[in-house]
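J.: Below is model-v1.cif; it holds mmCIF, C-alpha atoms.
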data_my_file
loop_
_atom_site.group_PDB
_atom_site.id
_atom_site.type_symbol
_atom_site.label_atom_id
_atom_site.label_comp_id
_atom_site.auth_asym_id
_atom_site.auth_seq_id
_atom_site.Cartn_x
_atom_site.Cartn_y
_atom_site.Cartn_z
ATOM 1 C CA MET A 1 0.000 0.000 0.000
ATOM 2 C CA LYS A 2 1.190 3.500 -0.866
ATOM 3 C CA ILE A 3 0.096 6.194 1.593
ATOM 4 C CA LEU A 4 0.236 9.941 0.975
ATOM 5 C CA ALA A 5 0.330 11.854 4.281
ATOM 6 C CA VAL A 6 -0.247 15.606 4.628
ATOM 7 C CA ASP A 7 0.334 18.024 7.512
ATOM 8 C CA THR A 8 -0.661 21.702 7.575
ATOM 9 C CA SER A 9 -1.058 22.144 11.326
ATOM 10 C CA CYS A 10 1.057 25.323 11.515
ATOM 11 C CA ASP A 11 3.329 27.174 9.077
ATOM 12 C CA GLU A 12 4.759 24.396 6.907
ATOM 13 C CA SER A 13 3.048 22.564 4.040
ATOM 14 C CA CYS A 14 4.243 18.957 4.332
ATOM 15 C CA ALA A 15 3.651 15.884 2.177
ATOM 16 C CA ALA A 16 5.185 12.425 2.445
ATOM 17 C CA ILE A 17 4.621 9.135 0.654
ATOM 18 C CA ILE A 18 5.264 5.775 2.296
ATOM 19 C CA ASP A 19 5.201 2.338 0.690
ATOM 20 C CA THR A 20 4.139 -0.174 3.347
ATOM 21 C CA THR A 21 5.647 -2.998 1.298
ATOM 22 C CA GLY A 22 8.975 -3.145 3.079
ATOM 23 C CA TRP A 23 8.184 0.207 4.769
ATOM 24 C CA LYS A 24 9.998 2.585 2.449
ATOM 25 C CA LEU A 25 9.854 6.381 2.480
ATOM 26 C CA LEU A 26 9.340 7.340 -1.165
ATOM 27 C CA ALA A 27 9.090 11.106 -0.707
ATOM 28 C CA ASP A 28 9.297 13.715 2.050
ATOM 29 C CA VAL A 29 8.616 17.352 1.086
ATOM 30 C CA VAL A 30 8.385 20.455 3.299
ATOM 31 C CA HIS A 31 7.440 23.918 2.019
ATOM 32 C CA SER A 32 8.270 26.390 4.791
ATOM 33 C CA HIS A 33 6.443 29.712 5.199
ATOM 34 C CA VAL A 34 9.132 31.308 7.377
ATOM 35 C CA ASP A 35 9.832 34.113 4.897
ATOM 36 C CA SER A 36 6.184 35.210 5.046
ATOM 37 C CA MET A 37 6.285 35.413 8.871
ATOM 38 C CA LYS A 38 9.599 37.267 9.329
ATOM 39 C CA ASN A 39 8.042 40.743 9.384
ATOM 40 C CA PHE A 40 5.725 39.688 12.235
ATOM 41 C CA GLY A 41 8.227 37.844 14.432
ATOM 42 C CA GLY A 42 5.991 34.793 14.643
ATOM 43 C CA VAL A 43 3.240 32.792 12.993
ATOM 44 C CA VAL A 44 0.160 34.737 11.881
ATOM 45 C CA PRO A 45 -2.707 32.209 11.490
ATOM 46 C CA GLU A 46 -4.440 33.996 8.611
ATOM 47 C CA ILE A 47 -1.208 34.331 6.622
ATOM 48 C CA ALA A 48 -0.326 30.688 7.352
ATOM 49 C CA SER A 49 -3.681 29.603 5.891
ATOM 50 C CA ARG A 50 -3.096 31.617 2.719
ATOM 51 C CA GLU A 51 0.427 30.249 2.356
ATOM 52 C CA HIS A 52 -0.902 26.687 2.596
ATOM 53 C CA LEU A 53 -3.240 27.414 -0.321
ATOM 54 C CA LYS A 54 -0.098 28.038 -2.399
ATOM 55 C CA GLY A 55 2.381 25.683 -0.733
ATOM 56 C CA LEU A 56 0.376 22.486 -0.237
ATOM 57 C CA PRO A 57 -0.387 21.783 -3.931
ATOM 58 C CA LEU A 58 3.315 22.338 -4.683
ATOM 59 C CA ALA A 59 4.405 20.012 -1.858
ATOM 60 C CA ILE A 60 2.042 17.228 -2.945
ATOM 61 C CA HIS A 61 3.026 17.629 -6.621
ATOM 62 C CA GLU A 62 6.722 17.463 -5.699
ATOM 63 C CA ALA A 63 6.151 14.394 -3.492
ATOM 64 C CA LEU A 64 4.304 12.571 -6.293
ATOM 65 C CA GLU A 65 7.038 13.489 -8.790
ATOM 66 C CA THR A 66 9.787 12.294 -6.421
ATOM 67 C CA ALA A 67 7.957 8.991 -5.848
ATOM 68 C CA ARG A 68 7.143 8.760 -9.589
ATOM 69 C CA LEU A 69 3.477 8.221 -8.865
ATOM 70 C CA SER A 70 0.179 9.711 -10.000
ATOM 71 C CA PRO A 71 -2.646 10.550 -7.546
ATOM 72 C CA THR A 72 -4.564 7.454 -8.703
ATOM 73 C CA GLU A 73 -1.596 5.240 -7.755
ATOM 74 C CA ILE A 74 -1.900 6.324 -4.115
ATOM 75 C CA ASP A 75 -3.847 3.692 -2.157
ATOM 76 C CA HIS A 76 -4.714 5.780 0.899
ATOM 77 C CA TYR A 77 -4.723 9.484 1.795
ATOM 78 C CA VAL A 78 -4.224 10.727 5.357
ATOM 79 C CA VAL A 79 -4.113 14.261 6.785
ATOM 80 C CA THR A 80 -3.682 16.015 10.133
ATOM 81 C CA ASN A 81 -7.011 17.270 11.479
ATOM 82 C CA ARG A 82 -5.953 18.354 14.996
ATOM 83 C CA PRO A 83 -4.464 20.046 16.965
ATOM 84 C CA GLY A 84 -3.157 23.182 15.257
ATOM 85 C CA LEU A 85 -4.217 26.438 13.624
ATOM 86 C CA ILE A 86 -7.824 25.913 12.555
ATOM 87 C CA GLY A 87 -7.545 27.752 9.223
ATOM 88 C CA ALA A 88 -4.326 25.977 8.283
ATOM 89 C CA LEU A 89 -5.807 22.598 9.225
ATOM 90 C CA LEU A 90 -8.917 23.272 7.115
ATOM 91 C CA VAL A 91 -6.792 23.946 4.031
ATOM 92 C CA GLY A 92 -4.958 20.621 4.397
ATOM 93 C CA LEU A 93 -8.112 18.692 5.273
ATOM 94 C CA SER A 94 -10.165 20.095 2.386
ATOM 95 C CA PHE A 95 -7.433 19.704 -0.228
ATOM 96 C CA THR A 96 -6.428 16.162 0.761
ATOM 97 C CA LYS A 97 -10.014 14.977 1.114
ATOM 98 C CA SER A 98 -10.844 16.386 -2.341
ATOM 99 C CA LEU A 99 -7.788 14.687 -3.845
ATOM 100 C CA ALA A 100 -8.794 11.341 -2.311
ATOM 101 C CA PHE A 101 -12.405 11.757 -3.465
ATOM 102 C CA SER A 102 -11.388 12.649 -7.032
ATOM 103 C CA SER A 103 -9.093 9.588 -7.114
ATOM 104 C CA SER A 104 -11.779 7.314 -5.578
ATOM 105 C CA LYS A 105 -9.384 6.349 -2.791
ATOM 106 C CA PRO A 106 -9.919 5.996 0.974
ATOM 107 C CA PHE A 107 -9.186 8.916 3.264
ATOM 108 C CA SER A 108 -8.500 9.227 6.993
ATOM 109 C CA THR A 109 -7.433 11.857 9.540
ATOM 110 C CA LEU A 110 -4.773 11.849 12.243
ATOM 111 C CA ASN A 111 -3.971 13.717 15.452
ATOM 112 C CA HIS A 112 -0.500 15.103 14.737
ATOM 113 C CA ILE A 113 0.564 14.861 18.392
ATOM 114 C CA GLU A 114 -0.031 11.103 18.110
ATOM 115 C CA ALA A 115 2.287 11.145 15.103
ATOM 116 C CA HIS A 116 4.987 12.717 17.295
ATOM 117 C CA LEU A 117 4.433 10.079 19.997
ATOM 118 C CA PHE A 118 5.016 7.216 17.599
ATOM 119 C CA SER A 119 7.843 8.846 15.614
ATOM 120 C CA PRO A 120 10.448 6.425 17.087
ATOM 121 C CA LEU A 121 8.872 3.838 14.773
ATOM 122 C CA LEU A 122 10.258 5.800 11.807
ATOM 123 C CA THR A 123 13.567 4.011 12.397
ATOM 124 C CA THR A 124 11.969 1.025 10.625
ATOM 125 C CA LEU A 125 12.062 3.067 7.392
ATOM 126 C CA GLU A 126 15.872 2.811 7.620
ATOM 127 C CA GLY A 127 15.722 -0.953 7.971
ATOM 128 C CA ASN A 128 16.041 -1.008 11.771
ATOM 129 C CA GLU A 129 13.986 -3.038 14.200
ATOM 130 C CA PRO A 130 11.139 -1.084 15.834
ATOM 131 C CA PRO A 131 11.839 0.034 19.417
ATOM 132 C CA ALA A 132 10.097 -1.980 22.115
ATOM 133 C CA PHE A 133 7.129 -0.541 23.997
ATOM 134 C CA PRO A 134 6.662 1.122 26.417
ATOM 135 C CA TRP A 135 8.528 4.426 26.231
ATOM 136 C CA ILE A 136 8.334 7.988 27.556
ATOM 137 C CA ALA A 137 7.711 10.603 24.859
ATOM 138 C CA CYS A 138 8.501 14.297 25.257
ATOM 139 C CA VAL A 139 6.673 16.389 22.647
ATOM 140 C CA VAL A 140 8.152 19.865 22.105
ATOM 141 C CA SER A 141 6.336 21.075 19.016
ATOM 142 C CA GLY A 142 5.146 24.645 18.507
ATOM 143 C CA GLY A 143 2.392 25.217 21.043
ATOM 144 C CA HIS A 144 2.952 21.863 22.771
ATOM 145 C CA THR A 145 5.385 20.875 25.511
ATOM 146 C CA GLU A 146 4.046 17.624 26.973
ATOM 147 C CA ILE A 147 5.190 14.268 28.339
ATOM 148 C CA PHE A 148 3.380 10.974 27.617
ATOM 149 C CA HIS A 149 3.736 7.351 28.664
ATOM 150 C CA VAL A 150 3.363 5.357 25.427
ATOM 151 C CA GLU A 151 2.229 1.821 26.258
ATOM 152 C CA SER A 152 1.481 0.399 22.794
ATOM 153 C CA MET A 153 0.116 1.458 19.403
ATOM 154 C CA PHE A 154 -2.452 4.214 20.024
ATOM 155 C CA LYS A 155 -2.489 3.507 23.759
ATOM 156 C CA TYR A 156 -0.829 6.235 25.797
ATOM 157 C CA THR A 157 -1.257 8.336 28.938
ATOM 158 C CA TRP A 158 -0.690 12.085 29.268
ATOM 159 C CA LEU A 159 1.675 12.632 32.212
ATOM 160 C CA GLY A 160 1.931 16.424 32.161
ATOM 161 C CA GLY A 161 2.746 19.575 30.275
ATOM 162 C CA THR A 162 3.389 23.278 30.642
ATOM 163 C CA LEU A 163 0.744 25.300 32.453
ATOM 164 C CA ASP A 164 1.819 28.648 30.990
ATOM 165 C CA ASP A 165 3.652 28.679 27.661
ATOM 166 C CA ALA A 166 5.104 26.044 25.364
ATOM 167 C CA ALA A 167 8.870 26.011 24.770
ATOM 168 C CA GLY A 168 8.554 26.884 21.066
ATOM 169 C CA GLU A 169 6.376 29.915 21.766
ATOM 170 C CA ALA A 170 8.702 31.021 24.581
ATOM 171 C CA PHE A 171 11.639 30.965 22.152
ATOM 172 C CA ASP A 172 9.682 33.128 19.700
ATOM 173 C CA LYS A 173 8.701 35.643 22.388
ATOM 174 C CA VAL A 174 12.250 35.921 23.766
ATOM 175 C CA GLY A 175 13.549 36.392 20.228
ATOM 176 C CA LYS A 176 11.051 39.175 19.645
ATOM 177 C CA LEU A 177 12.109 40.930 22.860
ATOM 178 C CA LEU A 178 15.757 40.682 21.782
ATOM 179 C CA LYS A 179 14.794 41.977 18.305
ATOM 180 C CA LEU A 180 16.180 38.850 16.637
ATOM 181 C CA PRO A 181 14.987 37.924 13.156
ATOM 182 C CA TYR A 182 12.348 35.185 12.998
ATOM 183 C CA PRO A 183 12.688 32.288 13.646
ATOM 184 C CA ALA A 184 14.802 33.105 16.704
ATOM 185 C CA GLY A 185 14.742 29.626 18.261
ATOM 186 C CA PRO A 186 17.687 28.129 16.326
ATOM 187 C CA LYS A 187 19.819 31.241 16.992
ATOM 188 C CA ILE A 188 19.104 31.235 20.747
ATOM 189 C CA ASP A 189 19.747 27.494 20.922
ATOM 190 C CA LYS A 190 23.085 27.933 19.109
ATOM 191 C CA TRP A 191 24.151 30.763 21.459
ATOM 192 C CA VAL A 192 23.326 28.695 24.527
ATOM 193 C CA ARG A 193 25.296 25.708 23.220
ATOM 194 C CA GLU A 194 28.283 27.868 22.269
ATOM 195 C CA SER A 195 28.204 29.655 25.646
ATOM 196 C CA ALA A 196 28.060 26.336 27.505
ATOM 197 C CA THR A 197 31.009 24.983 25.491
ATOM 198 C CA ALA A 198 33.089 28.141 26.043
ATOM 199 C CA GLU A 199 32.327 28.067 29.779
ATOM 200 C CA HIS A 200 33.323 24.415 29.965
ATOM 201 C CA PHE A 201 36.812 25.129 28.615
ATOM 202 C CA THR A 202 37.540 28.333 30.550
#
Would you write out, as structure tokens, the structure that this file holds?

T.:
Amino acid sequence: MKILAVDTSCDESCAAIIDTTGWKLLADVVHSHVDSMKNFGGVVPEIASREHLKGLPLAIHEALETARLSPTEIDHYVVTNRPGLIGALLVGLSFTKSLAFSSSKPFSTLNHIEAHLFSPLLTTLEGNEPPAFPWIACVVSGGHTEIFHVESMFKYTWLGGTLDDAAGEAFDKVGKLLKLPYPAGPKIDKWVRESATAEHFT
């Protein structure tokens, strides 16, 4: 089975194609909208939605070209439907559902936080054995900073998370205060690492 997966939960239009025969990743495409957000110092939901209208068709087209497949050769379509920016999610949901319908193929939705929880299983795409359950998963993604106990496939328990602000949003806000260009997170992270290394050797 060949699966085309789409994510538009925030400010990146993402499309991937997986062949479940031997679990091979045939394509993995990300169209970032960072340039459109730089003037605002963070993600603007309305602009993100508009960027997905342009970026998602390009990402899916590129993924299909990379995998050398047509839409009708995809066996199943799946898309993120929660959580995330509602407008951005609606673009991905509507487009992917329409593509599946026009190709007469099945369609399903996925909680993208669940996708993060089970991401250790992606090692199987490189020919490795899947990690053994259970494990502890720490999700640090945009507006989410949470810890889960993952017992088995789709069985997990939420252990806790931030009560005030997620780590990703905190990075953005600190960057804005310091007047750093967006996205500030990678720059702050690099400074901290370099400072820690310099301190270690002095």

J.: Output the residue selection produced by the PyMOL selection byres ((chain A and resi 19) around 10) on the file above, formatted as number ranges by chain.

T.: A: 1-4, 17-18, 20-27, 67, 74-75, 125

J.: Residues within 10 Å of region 68-71 of chain A, please, as a PyMOL selection string. Count all atoms listed in the file; anything in the same chain fewer than 5 positions from it doesn't count.

T.: chain A and resi 2+4+17+26-27+60-63+76-77+99-100+102-105

J.: Out of A:Leu58, A:Val43, A:Leu159, A:Ala16, which residue has the shortest atom-to-atom distance to Ile147 (chain A) when counting only C-alpha atoms?

T.: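 Going through A:Leu58, A:Val43, A:Leu159, A:Ala16 one by one, the smallest distance to Ile147 (chain A) is for A:Leu159.
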
J.: To one decimal in Å, tell me the separation between CA of Ala184 (chain A) and CA of Gly160 (chain A).

T.: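 So the two atoms, CA of Ala184 (chain A) and CA of Gly160 (chain A), lie 26.1 Å apart.
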
J.: My list of candidates is A:Phe171, A:Trp191, A:Phe40, A:Phe118. Which is closest to Lys155 (chain A) when distances are computed with only C-alpha atoms?

T.: A:Phe118

J.: What's around region 178-182 of chain A at 12 Å? Count only C-alpha atoms, leave out sequence neighbours fewer than 2 positions away in its own chain, and write the answer as a PyMOL selection string.

T.: chain A and resi 33-43+169+171-176+184-188

J.: Quote the spacing between CA of Lys54 (chain A) and CA of Lys97 (chain A) in Å to one decimal place.

T.: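 Here the two named atoms are 16.8 Å from each other.
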
J.: I'd like to know which of A:Lys190, A:Ala48, A:Cys10, A:Glu65 is closest to His144 (chain A), using only C-alpha atoms.

T.: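 For His144 (chain A), the nearest of the given residues is A:Cys10.
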
J.: Would you kindly return, as a ChimeraX atom specification, each protein, DNA or RNA residue with an atom no farther than 12 Å from any atom of Phe95 (chain A), considering all atoms listed in the file and excluding same-chain residues fewer than 2 positions away?

T.: /A:5-8,13,15,52-60,77-81,88-93,97-102,107

J.: CA of Asp165 (chain A) and CA of Ser141 (chain A), how far apart in Å?

T.: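 Result for CA of Ser141 (chain A) versus CA of Asp165 (chain A): 11.8 Å, one decimal.
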
J.: Determine the nearest neighbour of Leu110 (chain A) from the options A:Gly142, A:Pro45, A:Gly84, A:Gly161, counting only C-alpha atoms.

T.: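 Nearest candidate to Leu110 (chain A) out of A:Gly142, A:Pro45, A:Gly84, A:Gly161: A:Gly84.
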
J.: Might you spell out which residues the PyMOL selection byres ((chain A and resi 112) around 7) would select in the displayed file, as an NGL selection string?

T.: :A and (80 or 82-83 or 110-111 or 113-116)
